[in-house]
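Asks: Once you've had a glance at the structure underneath, I'll fire off some questions.
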Amino acid sequence: MPKYLFILAFLICSASAWSQTAQEKLEQRKAQIQKEIRAQEVLLRSQDKKQKSILTEIIQQREKIRLRESLIATTEKQAKILKDEMYRNQLSINQLNRELKELKEDYSAMIVKSYKSRSEQSRAMFLLSSETFLQAYKRAQYMKQYTSYRKSQGEEIKVKADKLLTLNTKLDAQKIEKQKLVVEQEKERIVLQKEKVEQEKLSAAIQKDKKKIAQEIKKKQQESRDIDRKIDKLIKEAIAEANRKAAAAAKKANPKTTAAETRATESSTKIVLTPEAKIISDSFKANRGRLPWPTATGTITQRYGDQPHPDLSYLSVHSNGIEITTTQGSQARAVFDGEVYSILYVSPVQKAVMIQHGDFFTMYHNLSDVSVVKGQKVSRKQNIGTIRTSTETGRTILKFMITQNITYTNPQPWLSSN
């Protein structure tokens, strides 16, 4: 077989192995998406329609549509990989057919030639007509090799014929699988269209009751501001505590420190950093744009500052941080080395963790449980608690904030883009 055919065979085998792995991963992803869709359907059915707000229902329906679209996209990727693999298998089949044809033609010519010289007398004469013993020996070896080659050619024809049969069988199975994916895709598209119609009905209902929806969002914004105030209070307490310690340390180091200097340190709205705390603070600042995400996976669904409401674009909301939507059961994790300053109990089912990094603070809000305690040293990417999944919307959302002293900053530019 020419060199390029070996290369082609190697590439086909490599691509086939890769596509099989990719298909397995996509199948796992499909199973996960289907599980999430079922969970959303249960969630939509489980609550009394009279008790559930239109806003909650539209959020749930929108999430289901997003999952359905993701399922269709995954199925499309599967179909594409399968199509590519079928193409490669067809190339292999075509190549095998050509090789098999050549082998059969060579074998046929060999058999005819062998038939013409099949008598033992002609073989003996071929040996006896040798002019020297060495020539006779070489002719005997030639006849032996010729017989062996004929046998090997026959075996190669059988191997290639078997391989061709296997590839054809595989190709037939792939055609059936592809047709199955096409049917599945079409069914999902029909369901998606129905869900979008339902979503349009909900959107129309919202248009009729904008005032009520606006009041509902206003209430949630008020709850968010209450939490922000609690966080502000904690930060101010942290600053005051740090500055009291700094003033006491300065007085001890220099007894001549005046009362006015002590009061100035204690009353500062910024943390007076010790040399050790300054190192931590500078290190945190130097890692802007390189901090790991506070969740292993997720998407930013609410940005920092004044933004359109994520579900009702005609309404504006304010956020002191970002919201990251992730998968159920996900863990929140520290973005940098630091110390747990406080654990805030927002409600019986909602908790928040505040971690101090010199004069920087990171907040992780909407946890169902926490795995750290106040005063504990934590390291980069260490799990600090489980992110709560809303029983109303089915969403798993972490609210993440960064402040330097009491000044909030947009967390997004601090996080790694990888």
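Ligands are numbered from 1 in the order shown, residues from 1 within each chain, and chains are lettered A, B, ... in the order they appear in the structure tokens.
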Got a sec to tell me which of segment 348-406 of chain A DSSP assigns to strand (DSSP E or B), as a PyMOL selection string?

Replies: chain A and resi 350-357+360-370+377-378+383-387+389+396-404

Asks: Using C-alpha atoms, can you write the selected residues to a file as a PDB file, in the first residue's frame?

Replies:
```
ATOM      1  CA  GLN A 350     -30.431  31.867  52.495  1.00  0.00           C
ATOM      2  CA  LYS A 351     -26.928  32.574  53.745  1.00  0.00           C
ATOM      3  CA  ALA A 352     -24.007  34.739  52.609  1.00  0.00           C
ATOM      4  CA  VAL A 353     -20.272  34.523  53.267  1.00  0.00           C
ATOM      5  CA  MET A 354     -17.967  37.551  53.467  1.00  0.00           C
ATOM      6  CA  ILE A 355     -14.223  36.990  52.989  1.00  0.00           C
ATOM      7  CA  GLN A 356     -11.605  39.654  53.729  1.00  0.00           C
ATOM      8  CA  HIS A 357      -8.456  40.120  51.634  1.00  0.00           C
ATOM      9  CA  PHE A 360     -10.825  44.103  49.833  1.00  0.00           C
ATOM     10  CA  PHE A 361     -13.940  42.038  50.578  1.00  0.00           C
ATOM     11  CA  THR A 362     -15.652  39.383  48.444  1.00  0.00           C
ATOM     12  CA  MET A 363     -19.280  38.414  49.101  1.00  0.00           C
ATOM     13  CA  TYR A 364     -20.979  35.155  48.114  1.00  0.00           C
ATOM     14  CA  HIS A 365     -24.741  35.448  48.535  1.00  0.00           C
ATOM     15  CA  ASN A 366     -27.634  32.965  48.116  1.00  0.00           C
ATOM     16  CA  LEU A 367     -26.096  29.880  49.738  1.00  0.00           C
ATOM     17  CA  SER A 368     -28.274  27.119  51.161  1.00  0.00           C
ATOM     18  CA  ASP A 369     -25.481  26.000  53.497  1.00  0.00           C
ATOM     19  CA  VAL A 370     -21.893  26.976  54.258  1.00  0.00           C
ATOM     20  CA  LYS A 377      -8.422  31.044  56.661  1.00  0.00           C
ATOM     21  CA  VAL A 378      -9.482  30.028  53.146  1.00  0.00           C
ATOM     22  CA  ASN A 383     -15.413  25.471  48.421  1.00  0.00           C
ATOM     23  CA  ILE A 384     -17.245  27.629  50.952  1.00  0.00           C
ATOM     24  CA  GLY A 385     -20.866  26.520  50.550  1.00  0.00           C
ATOM     25  CA  THR A 386     -23.659  25.152  48.358  1.00  0.00           C
ATOM     26  CA  ILE A 387     -25.499  27.594  46.095  1.00  0.00           C
ATOM     27  CA  THR A 389     -31.693  26.500  44.056  1.00  0.00           C
ATOM     28  CA  THR A 396     -29.384  28.112  40.924  1.00  0.00           C
ATOM     29  CA  ILE A 397     -27.962  31.638  41.185  1.00  0.00           C
ATOM     30  CA  LEU A 398     -24.955  32.998  43.070  1.00  0.00           C
ATOM     31  CA  LYS A 399     -24.762  36.735  43.700  1.00  0.00           C
ATOM     32  CA  PHE A 400     -21.103  37.748  43.855  1.00  0.00           C
ATOM     33  CA  MET A 401     -19.758  41.147  44.967  1.00  0.00           C
ATOM     34  CA  ILE A 402     -16.368  42.814  45.464  1.00  0.00           C
ATOM     35  CA  THR A 403     -15.675  45.943  47.504  1.00  0.00           C
ATOM     36  CA  GLN A 404     -12.553  47.853  48.439  1.00  0.00           C
TER      37      GLN A 404
END
```

Asks: Just how far from atom CA of Thr409 of chain A is atom CA of Gly321 of chain A, in Å to one decimal?

Replies: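 Atom-to-atom, atom CA of Gly321 of chain A to atom CA of Thr409 of chain A, that is 7.7 Å.
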
Asks: Near Arg189 of chain A, counting only C-alpha atoms, which residues have an atom at most 12 Å away, once you skip same-chain residues fewer than 6 positions from it, shown as a PyMOL selection string?

Replies: chain A and resi 65+68-73+75-76+182-183+195-196

Asks: If you keep C-alpha atoms, can you produce a file of those selected residues as a compact mmCIF listing (two decimals), in the first residue's frame?

Replies:
```txt
# COMPACT_ATOMS: atom_id res chain seq x y z
CA ILE A 65 -37.08 27.00 26.32
CA ARG A 68 -34.87 22.80 24.87
CA GLU A 69 -32.78 24.94 22.49
CA SER A 70 -29.61 23.59 24.09
CA LEU A 71 -30.92 20.03 23.60
CA ILE A 72 -31.59 20.70 19.90
CA ALA A 73 -28.13 22.23 19.46
CA THR A 75 -28.52 16.83 18.83
CA GLU A 76 -27.34 18.87 15.83
CA VAL A 182 -33.35 13.73 12.58
CA VAL A 183 -36.75 12.47 13.84
CA GLU A 195 -43.40 26.32 24.32
CA LYS A 196 -42.61 29.58 22.53
```

Asks: Using only C-alpha atoms, pick whichever of A:Lys219, A:Lys178, A:Lys256, A:Lys187 has the shortest atom-to-atom distance to Ile81 of chain A.

Replies: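 That would be A:Lys178, the residue with the smallest distance to Ile81 of chain A.
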
Asks: Write out as an MDAnalysis selection string each polymer residue whose atoms come within 9 Å of Ser417 of chain A, counting only C-alpha atoms; drop sequence neighbours fewer than 5 positions from it.

Replies: chainID A and resid 289:290 292:293

Asks: So what do you get for atom CA of Asn243 of chain A versus atom CA of Ile231 of chain A, distance-wise?

Replies: 18.3 Å

Asks: Could you please determine the separation between atom CA of Gln95 of chain A and atom CA of Thr21 of chain A in Å, to one decimal place?

Replies: 24.9 Å
